[in-house]
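Enquirer: Data: my_file39.cif, mmCIF, C-alpha atoms.
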data_target
loop_
_atom_site.label_atom_id
_atom_site.label_comp_id
_atom_site.auth_asym_id
_atom_site.auth_seq_id
_atom_site.Cartn_x
_atom_site.Cartn_y
_atom_site.Cartn_z
CA MET J 302 29.52 -30.63 11.70
CA SER J 303 30.45 -27.98 14.23
CA GLU J 304 29.28 -30.20 17.09
CA ASP J 305 32.55 -32.07 16.92
CA LYS J 306 34.68 -29.09 17.77
CA ASN J 307 32.48 -26.83 19.86
CA PRO J 308 30.56 -27.46 23.06
CA PRO J 309 26.84 -27.72 22.33
CA VAL J 310 25.26 -24.29 22.07
CA PRO J 311 21.50 -23.84 22.43
CA GLU J 312 19.92 -23.60 19.02
CA GLU J 313 18.28 -20.27 19.83
CA GLU J 314 21.62 -18.70 20.51
CA ILE J 315 23.12 -19.87 17.26
CA LYS J 316 20.17 -18.50 15.39
CA GLU J 317 20.31 -15.21 17.25
CA ASP J 318 23.98 -14.85 16.53
CA PHE J 319 23.49 -15.74 12.91
CA ASP J 320 20.74 -13.16 12.54
CA THR J 321 22.93 -10.41 13.94
CA ARG J 322 25.81 -11.35 11.73
CA LEU J 323 23.54 -11.58 8.72
CA ARG J 324 22.13 -8.15 9.42
CA HIS J 325 25.57 -6.66 9.76
CA ALA J 326 26.65 -8.37 6.61
CA ARG J 327 23.76 -6.85 4.75
CA GLY J 328 24.54 -3.43 6.12
CA LEU J 329 21.20 -3.17 7.83
CA GLY J 330 23.16 -2.81 11.05
CA GLY J 331 21.78 -2.65 14.56
CA GLU J 332 18.30 -3.16 15.87
CA PRO J 333 15.37 -2.25 13.69
CA ASN J 334 13.46 0.76 14.87
CA GLN J 335 10.70 0.23 17.37
CA SER J 336 8.90 3.53 17.17
CA GLY J 337 7.13 5.26 14.32
CA ALA J 338 7.92 4.60 10.74
CA VAL J 339 11.19 5.69 9.28
CA LEU J 340 11.58 5.33 5.63
CA PRO J 341 13.98 6.88 3.27
CA GLU J 342 11.08 8.00 1.19
CA ASP J 343 11.52 9.82 -2.04
CA GLY J 344 9.44 12.71 -3.24
CA LYS J 345 7.51 10.61 -5.74
CA GLY J 346 6.00 8.38 -3.10
CA LYS J 347 5.01 11.39 -1.07
CA ALA J 348 3.49 13.23 -3.99
CA MET J 349 1.44 10.19 -4.93
CA ARG J 350 -0.10 10.05 -1.50
CA ILE J 351 -1.02 13.62 -0.78
CA GLY J 352 -3.82 14.15 -3.28
CA THR J 353 -5.82 11.08 -2.34
CA GLU J 354 -5.25 11.73 1.34
CA LEU J 355 -7.25 14.96 1.25
CA ILE J 356 -10.07 13.63 -0.89
CA SER J 357 -10.60 10.45 1.07
CA ALA J 358 -10.56 12.23 4.42
CA VAL J 359 -13.34 14.56 3.25
CA ALA J 360 -15.26 11.58 1.86
CA VAL J 361 -14.97 9.64 5.12
CA GLY J 362 -16.09 12.70 7.10
CA GLY J 363 -19.02 13.18 4.75
CA VAL J 364 -20.11 9.55 5.04
CA ILE J 365 -19.92 9.58 8.84
CA GLY J 366 -21.90 12.83 8.97
CA PHE J 367 -24.51 11.51 6.54
CA VAL J 368 -24.97 8.28 8.50
CA ILE J 369 -25.40 10.14 11.79
CA ASP J 370 -27.83 12.53 10.11
CA THR J 371 -30.03 9.79 8.73
CA TRP J 372 -29.93 8.02 12.05
CA LEU J 373 -30.83 11.03 14.22
CA GLU J 374 -32.83 12.82 11.50
CA THR J 375 -30.89 16.03 12.00
CA LYS J 376 -30.13 16.80 8.38
CA PRO J 377 -27.91 18.54 7.46
CA TRP J 378 -26.04 19.60 10.56
CA PHE J 379 -23.84 16.56 11.21
CA LEU J 380 -23.04 16.31 7.53
CA ILE J 381 -21.75 19.88 7.50
CA GLY J 382 -19.84 19.44 10.73
CA PHE J 383 -18.19 16.19 9.72
CA LEU J 384 -17.32 17.46 6.27
CA LEU J 385 -15.39 20.27 7.96
CA LEU J 386 -13.79 17.80 10.36
CA GLY J 387 -12.87 15.56 7.45
CA ASN J 388 -11.29 18.49 5.71
CA THR J 389 -9.30 19.26 8.83
CA ALA J 390 -8.24 15.63 9.15
CA GLY J 391 -7.08 15.59 5.54
CA LEU J 392 -5.05 18.76 5.90
CA TRP J 393 -3.69 17.48 9.19
CA ASN J 394 -2.54 14.26 7.50
CA ILE J 395 -0.89 16.20 4.71
CA TYR J 396 0.86 18.37 7.26
CA ARG J 397 2.17 15.25 8.96
CA ILE J 398 3.32 13.67 5.73
CA SER J 399 5.08 16.79 4.54
CA ASN J 400 6.80 17.19 7.88
CA SER J 401 8.18 13.66 7.60
CA GLN J 402 6.41 12.71 10.78
CA GLY J 403 5.53 9.43 9.20
CA TYR J 404 2.15 8.18 8.21
CA THR J 405 0.93 7.56 11.66
CA VAL J 406 -2.18 8.67 13.39
CA GLY J 407 -1.49 10.88 16.38
CA PHE J 408 1.25 13.39 16.79
CA GLY J 409 3.00 12.00 19.82
CA ARG J 410 5.68 10.89 17.42
CA GLY J 411 6.48 14.41 16.34
CA ASN J 412 9.37 14.69 18.79
CA ARG J 413 10.75 11.35 17.78
CA SER J 414 10.78 12.26 14.16
CA GLU J 415 13.70 14.58 14.88
CA ASN J 416 15.67 11.55 15.97
CA HIS J 417 14.61 9.90 12.77
CA GLU J 418 16.05 12.79 10.82
CA GLU J 419 19.34 12.26 12.59
CA ASN J 420 19.26 8.54 11.93
CA ARG J 421 18.49 9.15 8.35
CA ASP J 422 21.41 11.53 8.00
CA ASN J 423 23.66 8.97 9.57
CA THR J 424 22.56 6.27 7.22
CA LYS J 425 23.01 8.57 4.28
CA GLY J 426 26.61 9.13 5.31
CA ASP J 427 27.29 5.41 5.18
CA MET U 785 -15.46 6.75 -36.54
CA ALA U 786 -16.53 3.40 -37.85
CA GLU U 787 -16.06 1.57 -34.59
CA SER U 788 -16.62 3.67 -31.53
CA HIS U 789 -14.06 2.64 -28.98
CA SER U 790 -14.59 4.35 -25.70
CA PRO U 791 -11.46 4.77 -23.63
CA MET U 792 -13.40 3.31 -20.71
CA GLU U 793 -14.33 0.17 -22.61
CA GLN U 794 -11.21 -1.59 -21.40
CA PHE U 795 -12.47 -1.52 -17.83
CA GLU U 796 -15.69 -3.31 -18.63
CA ILE U 797 -16.32 -6.46 -16.64
CA LYS U 798 -17.31 -9.29 -18.96
CA THR U 799 -18.93 -12.37 -17.60
CA TRP U 800 -17.24 -15.46 -18.94
CA ILE U 801 -18.98 -18.16 -16.95
CA PRO U 802 -22.17 -17.03 -15.24
CA ILE U 803 -22.55 -18.46 -11.76
CA GLN U 804 -25.50 -17.49 -9.63
CA ILE U 805 -25.64 -18.54 -5.99
CA GLY U 806 -28.98 -17.43 -4.59
CA ASP U 807 -29.10 -13.68 -5.02
CA PHE U 808 -25.35 -13.52 -5.17
CA ASN U 809 -23.68 -13.08 -8.52
CA ALA U 810 -20.47 -15.11 -8.33
CA SER U 811 -19.80 -15.23 -12.05
CA PHE U 812 -16.38 -15.96 -13.38
CA THR U 813 -15.39 -12.74 -15.15
CA ASN U 814 -12.40 -11.45 -17.05
CA SER U 815 -11.38 -9.79 -13.79
CA SER U 816 -11.32 -13.12 -11.97
CA ALA U 817 -9.46 -14.71 -14.86
CA PHE U 818 -6.69 -12.15 -14.71
CA MET U 819 -6.49 -12.42 -10.93
CA ILE U 820 -5.96 -16.15 -11.30
CA LEU U 821 -3.41 -15.46 -14.02
CA ALA U 822 -1.54 -13.10 -11.70
CA VAL U 823 -1.54 -15.68 -8.93
CA ILE U 824 -0.33 -18.42 -11.29
CA ALA U 825 2.39 -16.20 -12.76
CA ALA U 826 3.61 -15.14 -9.33
CA THR U 827 3.59 -18.71 -8.03
CA ALA U 828 5.40 -19.92 -11.12
CA LEU U 829 8.07 -17.27 -10.71
CA MET U 830 8.59 -18.12 -7.08
CA VAL U 831 8.49 -21.89 -7.47
CA PHE U 832 10.25 -22.56 -10.77
CA ALA U 833 12.74 -19.70 -10.73
CA VAL U 834 14.15 -20.83 -7.40
CA ARG U 835 14.06 -24.51 -8.40
CA PRO U 836 17.76 -24.71 -9.43
CA ARG U 837 18.79 -23.42 -5.98
CA ALA U 838 22.01 -22.23 -7.52
CA GLY U 839 24.67 -20.61 -5.37
CA VAL U 840 25.17 -18.13 -8.16
CA PRO U 841 21.63 -17.37 -9.22
CA GLY U 842 20.56 -17.24 -12.83
CA ARG U 843 18.39 -14.45 -14.18
CA TRP U 844 15.04 -15.80 -13.05
CA GLN U 845 16.29 -16.90 -9.69
CA LEU U 846 17.85 -13.49 -9.19
CA LEU U 847 14.55 -11.86 -10.02
CA ALA U 848 12.73 -13.93 -7.43
CA GLU U 849 15.44 -13.34 -4.84
CA LEU U 850 15.49 -9.59 -5.46
CA CYS U 851 11.74 -9.53 -5.02
CA TYR U 852 12.03 -11.41 -1.77
CA GLN U 853 14.85 -9.27 -0.42
CA PHE U 854 13.11 -6.06 -1.38
CA ILE U 855 10.13 -6.92 0.77
CA ALA U 856 12.23 -8.48 3.52
CA LYS U 857 14.15 -5.24 3.85
CA MET U 858 10.97 -3.21 3.74
CA VAL U 859 9.50 -5.27 6.55
CA SER U 860 12.61 -5.12 8.72
CA ASP U 861 13.03 -1.38 8.13
CA ASN U 862 9.45 -0.49 8.84
CA ILE U 863 8.26 -3.00 11.39
CA GLY U 864 11.39 -4.60 12.79
CA LYS U 865 11.74 -8.04 14.24
CA GLU U 866 8.09 -8.39 15.20
CA GLY U 867 7.21 -7.99 11.57
CA ARG U 868 8.47 -11.46 10.69
CA PRO U 869 5.14 -13.24 11.14
CA TYR U 870 3.48 -10.80 8.75
CA PHE U 871 6.05 -11.18 6.03
CA PRO U 872 4.11 -13.78 4.02
CA PHE U 873 1.02 -11.59 4.06
CA ILE U 874 2.90 -8.47 3.00
CA PHE U 875 4.83 -10.33 0.34
CA THR U 876 1.65 -11.81 -1.07
CA ILE U 877 0.02 -8.40 -1.29
CA PHE U 878 3.04 -6.92 -3.00
CA VAL U 879 3.36 -9.67 -5.57
CA PHE U 880 -0.37 -9.77 -6.28
CA VAL U 881 -0.64 -6.02 -6.84
CA LEU U 882 2.61 -5.89 -8.80
CA PHE U 883 1.59 -8.71 -11.12
CA GLY U 884 -1.87 -7.24 -11.47
CA ASN U 885 -0.40 -3.92 -12.53
CA PHE U 886 2.18 -5.41 -14.87
CA ILE U 887 -0.14 -7.92 -16.50
CA GLY U 888 -2.46 -4.99 -17.09
CA MET U 889 0.29 -3.38 -19.16
CA LEU U 890 0.12 -6.16 -21.74
CA PRO U 891 -2.03 -5.39 -24.77
CA TYR U 892 -5.55 -6.89 -24.70
CA SER U 893 -5.26 -7.69 -21.03
CA PHE U 894 -7.43 -6.56 -18.20
CA THR U 895 -6.14 -4.57 -15.22
CA PHE U 896 -8.02 -5.81 -12.19
CA THR U 897 -6.28 -3.26 -9.93
CA SER U 898 -8.11 -0.52 -11.84
CA HIS U 899 -11.36 -1.48 -10.14
CA ILE U 900 -12.14 0.03 -6.79
CA ALA U 901 -14.10 -3.08 -5.87
CA VAL U 902 -10.85 -5.03 -5.95
CA THR U 903 -8.59 -2.47 -4.30
CA LEU U 904 -11.12 -1.52 -1.62
CA THR U 905 -11.58 -5.18 -0.73
CA MET U 906 -7.85 -5.61 -0.28
CA ALA U 907 -7.59 -2.37 1.68
CA LEU U 908 -10.48 -3.38 3.96
CA VAL U 909 -8.88 -6.75 4.64
CA ILE U 910 -5.69 -4.93 5.64
CA PHE U 911 -7.63 -2.41 7.70
CA VAL U 912 -9.57 -5.07 9.61
CA LEU U 913 -6.43 -7.15 10.11
CA VAL U 914 -4.50 -4.17 11.48
CA THR U 915 -7.32 -3.22 13.84
CA VAL U 916 -7.63 -6.82 15.08
CA ILE U 917 -3.85 -7.06 15.64
CA ALA U 918 -3.91 -3.80 17.57
CA PHE U 919 -6.75 -5.05 19.77
CA ILE U 920 -5.07 -8.39 20.42
CA LYS U 921 -1.75 -6.79 21.28
CA HIS U 922 -2.97 -3.83 23.29
CA GLY U 923 -6.57 -4.46 24.32
CA PHE U 924 -8.44 -1.30 25.15
CA HIS U 925 -5.22 0.65 25.32
CA PHE U 926 -5.73 0.77 21.58
CA PHE U 927 -8.07 3.72 22.02
CA SER U 928 -5.21 5.86 23.30
CA PHE U 929 -4.28 5.88 19.64
CA PHE U 930 -6.98 8.45 19.05
CA LEU U 931 -5.91 10.85 21.77
CA PRO U 932 -2.35 11.94 21.15
CA ALA U 933 -0.29 12.74 24.23
CA GLY U 934 -0.04 16.39 25.17
CA VAL U 935 -3.37 17.54 23.79
CA PRO U 936 -5.19 20.07 26.00
CA ILE U 937 -8.37 18.62 27.51
CA VAL U 938 -10.47 21.35 25.91
CA LEU U 939 -9.36 20.31 22.46
CA SER U 940 -9.62 16.58 23.03
CA PRO U 941 -13.17 16.05 21.65
CA LEU U 942 -12.15 17.78 18.44
CA MET U 943 -8.86 15.91 18.22
CA ILE U 944 -10.50 12.55 18.83
CA ALA U 945 -13.02 13.21 16.06
CA ILE U 946 -10.26 14.22 13.68
CA GLU U 947 -8.08 11.24 14.55
CA VAL U 948 -10.97 8.81 14.18
CA ILE U 949 -11.74 10.22 10.76
CA SER U 950 -8.13 10.04 9.73
CA TYR U 951 -8.00 6.42 10.94
CA PHE U 952 -10.99 5.48 8.81
CA THR U 953 -9.45 7.35 5.92
CA ARG U 954 -6.76 4.71 5.66
CA PRO U 955 -8.56 1.99 3.70
CA LEU U 956 -10.18 4.55 1.44
CA SER U 957 -7.02 6.45 0.56
CA LEU U 958 -5.13 3.19 0.18
CA SER U 959 -7.63 1.83 -2.33
CA ILE U 960 -8.38 5.07 -4.17
CA ARG U 961 -4.70 5.74 -4.76
CA LEU U 962 -4.11 2.41 -6.45
CA PHE U 963 -7.31 2.25 -8.47
CA ALA U 964 -7.23 5.90 -9.56
CA ASN U 965 -3.64 5.72 -10.71
CA MET U 966 -4.15 2.56 -12.70
CA MET U 967 -7.41 3.70 -14.24
CA ALA U 968 -6.17 7.17 -15.10
CA GLY U 969 -3.02 5.80 -16.69
CA HIS U 970 -4.82 3.26 -18.84
CA THR U 971 -7.45 5.78 -19.90
CA LEU U 972 -4.73 8.22 -20.87
CA LEU U 973 -3.04 5.55 -22.99
CA LYS U 974 -6.30 4.83 -24.80
CA VAL U 975 -7.12 8.50 -25.35
CA VAL U 976 -3.69 9.34 -26.73
CA GLY U 977 -3.79 6.14 -28.76
CA GLY U 978 -7.07 7.29 -30.29
CA PHE U 979 -5.33 10.32 -31.83
CA VAL U 980 -2.78 8.32 -33.77
CA VAL U 981 -4.73 7.15 -36.82
CA PRO U 982 -7.00 10.22 -37.37
CA LEU U 983 -3.95 12.53 -37.43
CA GLY U 984 -2.42 10.73 -40.40
CA ILE U 985 1.22 11.59 -40.84
CA PHE U 986 1.17 13.80 -37.76
CA GLY U 987 0.23 10.72 -35.77
CA VAL U 988 3.95 10.42 -35.10
CA VAL U 989 3.54 12.99 -32.35
CA PRO U 990 1.01 11.01 -30.26
CA VAL U 991 3.01 7.83 -30.91
CA ALA U 992 6.06 9.48 -29.38
CA GLY U 993 3.90 10.56 -26.50
CA LEU U 994 2.56 7.03 -26.15
CA VAL U 995 6.05 5.60 -25.87
CA ALA U 996 6.83 8.04 -23.07
CA VAL U 997 3.53 7.47 -21.29
CA THR U 998 3.94 3.70 -21.53
CA GLY U 999 7.32 4.03 -19.83
CA LEU U 1000 5.74 6.18 -17.17
CA GLU U 1001 2.97 3.62 -16.74
CA PHE U 1002 5.50 0.89 -16.02
CA LEU U 1003 7.05 3.13 -13.38
CA ILE U 1004 3.65 3.83 -11.87
CA ALA U 1005 2.70 0.14 -11.95
CA PHE U 1006 5.70 -0.62 -9.79
CA LEU U 1007 5.44 2.50 -7.66
CA GLN U 1008 1.82 1.90 -6.77
CA ALA U 1009 2.51 -1.68 -5.75
CA TYR U 1010 5.39 -0.36 -3.66
CA ILE U 1011 3.28 2.32 -1.99
CA PHE U 1012 0.43 -0.08 -1.31
CA THR U 1013 2.85 -2.49 0.34
CA ILE U 1014 4.83 0.04 2.34
CA LEU U 1015 1.63 1.54 3.72
CA THR U 1016 0.53 -1.94 4.76
CA CYS U 1017 3.87 -2.28 6.58
CA ILE U 1018 3.41 1.06 8.27
CA TYR U 1019 -0.12 0.29 9.39
CA ILE U 1020 0.98 -3.06 10.82
CA ASN U 1021 3.86 -1.31 12.55
CA ASP U 1022 1.40 1.15 14.08
CA ALA U 1023 -0.69 -1.71 15.36
CA ILE U 1024 2.28 -3.56 16.88
CA ASN U 1025 4.19 -0.63 18.36
CA LEU U 1026 1.29 1.50 19.43
CA HIS U 1027 3.13 4.22 21.33
#
What would the structure in this file look like if it were written as structure tokens?
Expert:
Amino acid sequence: MSEDKNPPVPEEEIKEDFDTRLRHARGLGGEPNQSGAVLPEDGKGKAMRIGTELISAVAVGGVIGFVIDTWLETKPWFLIGFLLLGNTAGLWNIYRISNSQGYTVGFGRGNRSENHEENRDNTKGD
Amino acid sequence: MAESHSPMEQFEIKTWIPIQIGDFNASFTNSSAFMILAVIAATALMVFAVRPRAGVPGRWQLLAELCYQFIAKMVSDNIGKEGRPYFPFIFTIFVFVLFGNFIGMLPYSFTFTSHIAVTLTMALVIFVLVTVIAFIKHGFHFFSFFLPAGVPIVLSPLMIAIEVISYFTRPLSLSIRLFANMMAGHTLLKVVGGFVVPLGIFGVVPVAGLVAVTGLEFLIAFLQAYIFTILTCIYINDAINLH
């Protein structure tokens, strides 16, 4: 169809161009983010996560401690230690969730989350 | 009570066709039946609803397209362009969980997402997949995941232990959230439902409550599918864009 009028354009380019236009048309605008997760998350989603986060972290810590204990026959020291660590991990996760630092492991993204806040405000204005 | 209906009775696994392979019990149960039903219903929606390929979609086609766009947007928001190859996987998970939750809302049906065996299996598949993707994309650089930048050396053993635990927490919290919400909701419905007849005329009160709780359950059915899917997106994003 368009071949008649236009000089042949590599297929990739057409597709690329179409994708950009489509994104703009849908109001998704610009490149998708490359770093940690941004999501316009509502309170409900957050609230649903927090309870299980704490419980499962303690459970995972307990299981790891128990396995090491049975393996090295050092009951109950690793169990106690890892339960505490699991507790810390759970609280740490909740802290990260409630600070909107995303769901990610690690806190290198903490600084970037400020940018996310800005982005989010911008998108809200739209 | 003449017939003792336990609120937990609805979660009972009933063997429909016993199949025994060696020591492995591979029976066809009500759980498997409803999983197949969910798959068939989802496939039917996607195949037949889009069949007319109308420029102006009808109701069913719109439903299918909304579903598709919802996940497509979720993937592009949370993962970006590299998320494309994982779209089918994410979409499948979403539709499977969503249909499982919604089919469970029908009377006399079975909610397979209310069993931790089911949800934990799905979560473990996601967990293993994410870890494998991370290893393929980043090799041993993957382990930098567990030592966040800027941590003092003295604290690093503690931080690594905490981060490893919180990494392994993922499949567990993912599965517990879904199964606990579904099971709690359905148990609550049964318990409140059990008050209706014994209270006689005052049974109106629990009925009103039931109506409200049923509405809430529909919200939760969707919300849990949404959370399960968005967390999958986020984990895949973590694996692709490590730091």
Enquirer: Looking at U:Gly978, U:Val991, U:Phe1012, U:Thr953, which one is nearest to chain J, with distances taken over all atoms listed in the file?
Expert: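 Of the candidates, the smallest distance to chain J is held by U:Thr953.
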Enquirer: Quick one: which residues from chain U are at most 8 Å off chain J, using only C-alpha atoms, as a PyMOL selection string?
Expert: chain U and resi 860-865+929-934+945-947+949-953+956-957+960-961+1007+1011+1018-1019+1021-1022+1025+1027
Enquirer: Record the distance separating atom CA of U:Ile1024 and atom CA of U:Pro869, expressed in Å with one decimal.
Expert: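 Interatomic distance here is 11.6 Å.
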Enquirer: Leaving out U:Val909 and any residue of its chain fewer than 6 positions from it, which residues lie within 10 Å of it when counting all atoms listed in the file, given as a list in words?
Expert: Thr903, Thr915 and Pro955 of chain U
Enquirer: Could those residues be written to a file, using C-alpha atoms, as a CSV table (one decimal), in the frame of the given file?
Expert:
chain,number,residue,atom,x,y,z
U,903,THR,CA,-8.6,-2.5,-4.3
U,915,THR,CA,-7.3,-3.2,13.8
U,955,PRO,CA,-8.6,2.0,3.7
Enquirer: Counting only C-alpha atoms, write as a PyMOL selection string all protein and nucleic acid residues lying at most 12 Å from (5.9, -2.7, -6.7) in the file's frame.
Expert: (chain J and resi 346) or (chain U and resi 850-852+854-855+858+874-886+962+1002-1014)
Enquirer: In Å, how far is it from atom CA of U:Thr998 to atom CA of U:Ile824?
Expert: 24.7 Å
Enquirer: Would you work out the distance separating atom CA of U:His789 from atom CA of U:Val995, expressed in Å to one decimal?
Expert: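 According to the coordinates, atom CA of U:His789 and atom CA of U:Val995 are separated by 20.6 Å.
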Enquirer: Kindly indicate which residue among U:Val823, U:Ala828, U:Ile1020, U:Met792 lies nearest to U:Phe871, using only C-alpha atoms for the distances.
Expert: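 Distance minimum relative to U:Phe871 lands on U:Ile1020.
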Enquirer: Can you work out which one of U:Pro936, U:Trp844, U:Arg868, U:Pro791 has the shortest atom-to-atom distance to U:Phe832, counting all atoms listed in the file?
Expert: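 Checking each of U:Pro936, U:Trp844, U:Arg868, U:Pro791 against U:Phe832, counting all atoms listed in the file, the winner is U:Trp844.
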Enquirer: Step by step: start from the point (-4.5, -7.7, 13.6) in the file's coordinates, keep every protein, DNA or RNA residue that has an atom no farther than 12 Å from it, count all atoms listed in the file, and write the set as a list of chain:residue names.
Expert: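 Result, sorted by chain then residue number: U:Gly867, U:Pro869, U:Tyr870, U:Phe873, U:Val909, U:Ile910, U:Phe911, U:Val912, U:Leu913, U:Val914, U:Thr915, U:Val916, U:Ile917, U:Ala918, U:Phe919, U:Ile920, U:Lys921, U:His922, U:Gly923, U:Phe926, U:Thr1016, U:Tyr1019, U:Ile1020, U:Asn1021, U:Asp1022, U:Ala1023, U:Ile1024.
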Enquirer: Name the residues that the PyMOL selection byres ((chain J and resi 367) around 12) pulls out of this structure, and write them as a VMD selection string.
Expert: chain J and resid 360 to 366 368 to 384
Enquirer: Would you mind listing what lies within 7 Å of U:Ile797 as a count of residues only, with only C-alpha atoms counted and same-chain residues fewer than 6 positions away left out?
Expert: 3
Enquirer: Could stretch 952-970 of chain U be completed with N, CA and C atoms and written as a PDB file, in the frame of the given file, please?
Expert:
ATOM      1  N   PHE U 952     -10.106   6.130   9.786  1.00  0.00           N
ATOM      2  CA  PHE U 952     -10.990   5.480   8.810  1.00  0.00           C
ATOM      3  C   PHE U 952     -10.672   5.896   7.379  1.00  0.00           C
ATOM      4  N   THR U 953      -9.864   6.932   7.254  1.00  0.00           N
ATOM      5  CA  THR U 953      -9.450   7.350   5.920  1.00  0.00           C
ATOM      6  C   THR U 953      -8.516   6.338   5.281  1.00  0.00           C
ATOM      7  N   ARG U 954      -7.793   5.608   6.149  1.00  0.00           N
ATOM      8  CA  ARG U 954      -6.760   4.710   5.660  1.00  0.00           C
ATOM      9  C   ARG U 954      -7.202   3.758   4.551  1.00  0.00           C
ATOM     10  N   PRO U 955      -8.223   2.929   4.774  1.00  0.00           N
ATOM     11  CA  PRO U 955      -8.560   1.990   3.700  1.00  0.00           C
ATOM     12  C   PRO U 955      -8.978   2.709   2.432  1.00  0.00           C
ATOM     13  N   LEU U 956      -9.681   3.836   2.611  1.00  0.00           N
ATOM     14  CA  LEU U 956     -10.180   4.550   1.440  1.00  0.00           C
ATOM     15  C   LEU U 956      -9.038   5.153   0.633  1.00  0.00           C
ATOM     16  N   SER U 957      -8.108   5.820   1.328  1.00  0.00           N
ATOM     17  CA  SER U 957      -7.020   6.450   0.560  1.00  0.00           C
ATOM     18  C   SER U 957      -6.110   5.394  -0.041  1.00  0.00           C
ATOM     19  N   LEU U 958      -5.961   4.289   0.689  1.00  0.00           N
ATOM     20  CA  LEU U 958      -5.130   3.190   0.180  1.00  0.00           C
ATOM     21  C   LEU U 958      -5.708   2.643  -1.130  1.00  0.00           C
ATOM     22  N   SER U 959      -7.026   2.440  -1.139  1.00  0.00           N
ATOM     23  CA  SER U 959      -7.630   1.830  -2.330  1.00  0.00           C
ATOM     24  C   SER U 959      -7.787   2.836  -3.458  1.00  0.00           C
ATOM     25  N   ILE U 960      -8.173   4.073  -3.112  1.00  0.00           N
ATOM     26  CA  ILE U 960      -8.380   5.070  -4.170  1.00  0.00           C
ATOM     27  C   ILE U 960      -7.084   5.359  -4.896  1.00  0.00           C
ATOM     28  N   ARG U 961      -5.979   5.409  -4.141  1.00  0.00           N
ATOM     29  CA  ARG U 961      -4.700   5.740  -4.760  1.00  0.00           C
ATOM     30  C   ARG U 961      -4.346   4.728  -5.847  1.00  0.00           C
ATOM     31  N   LEU U 962      -4.476   3.450  -5.491  1.00  0.00           N
ATOM     32  CA  LEU U 962      -4.110   2.410  -6.450  1.00  0.00           C
ATOM     33  C   LEU U 962      -5.055   2.397  -7.650  1.00  0.00           C
ATOM     34  N   PHE U 963      -6.348   2.376  -7.371  1.00  0.00           N
ATOM     35  CA  PHE U 963      -7.310   2.250  -8.470  1.00  0.00           C
ATOM     36  C   PHE U 963      -7.291   3.479  -9.378  1.00  0.00           C
ATOM     37  N   ALA U 964      -7.202   4.672  -8.760  1.00  0.00           N
ATOM     38  CA  ALA U 964      -7.230   5.900  -9.560  1.00  0.00           C
ATOM     39  C   ALA U 964      -6.007   5.998 -10.457  1.00  0.00           C
ATOM     40  N   ASN U 965      -4.852   5.643  -9.909  1.00  0.00           N
ATOM     41  CA  ASN U 965      -3.640   5.720 -10.710  1.00  0.00           C
ATOM     42  C   ASN U 965      -3.676   4.758 -11.884  1.00  0.00           C
ATOM     43  N   MET U 966      -4.124   3.547 -11.624  1.00  0.00           N
ATOM     44  CA  MET U 966      -4.150   2.560 -12.700  1.00  0.00           C
ATOM     45  C   MET U 966      -5.181   2.950 -13.755  1.00  0.00           C
ATOM     46  N   MET U 967      -6.368   3.377 -13.285  1.00  0.00           N
ATOM     47  CA  MET U 967      -7.410   3.700 -14.240  1.00  0.00           C
ATOM     48  C   MET U 967      -7.037   4.928 -15.064  1.00  0.00           C
ATOM     49  N   ALA U 968      -6.533   5.945 -14.393  1.00  0.00           N
ATOM     50  CA  ALA U 968      -6.170   7.170 -15.100  1.00  0.00           C
ATOM     51  C   ALA U 968      -5.102   6.885 -16.151  1.00  0.00           C
ATOM     52  N   GLY U 969      -4.104   6.104 -15.771  1.00  0.00           N
ATOM     53  CA  GLY U 969      -3.020   5.800 -16.690  1.00  0.00           C
ATOM     54  C   GLY U 969      -3.509   5.066 -17.924  1.00  0.00           C
ATOM     55  N   HIS U 970      -4.355   4.054 -17.706  1.00  0.00           N
ATOM     56  CA  HIS U 970      -4.820   3.260 -18.840  1.00  0.00           C
ATOM     57  C   HIS U 970      -5.767   4.053 -19.734  1.00  0.00           C
TER      58      HIS U 970
END
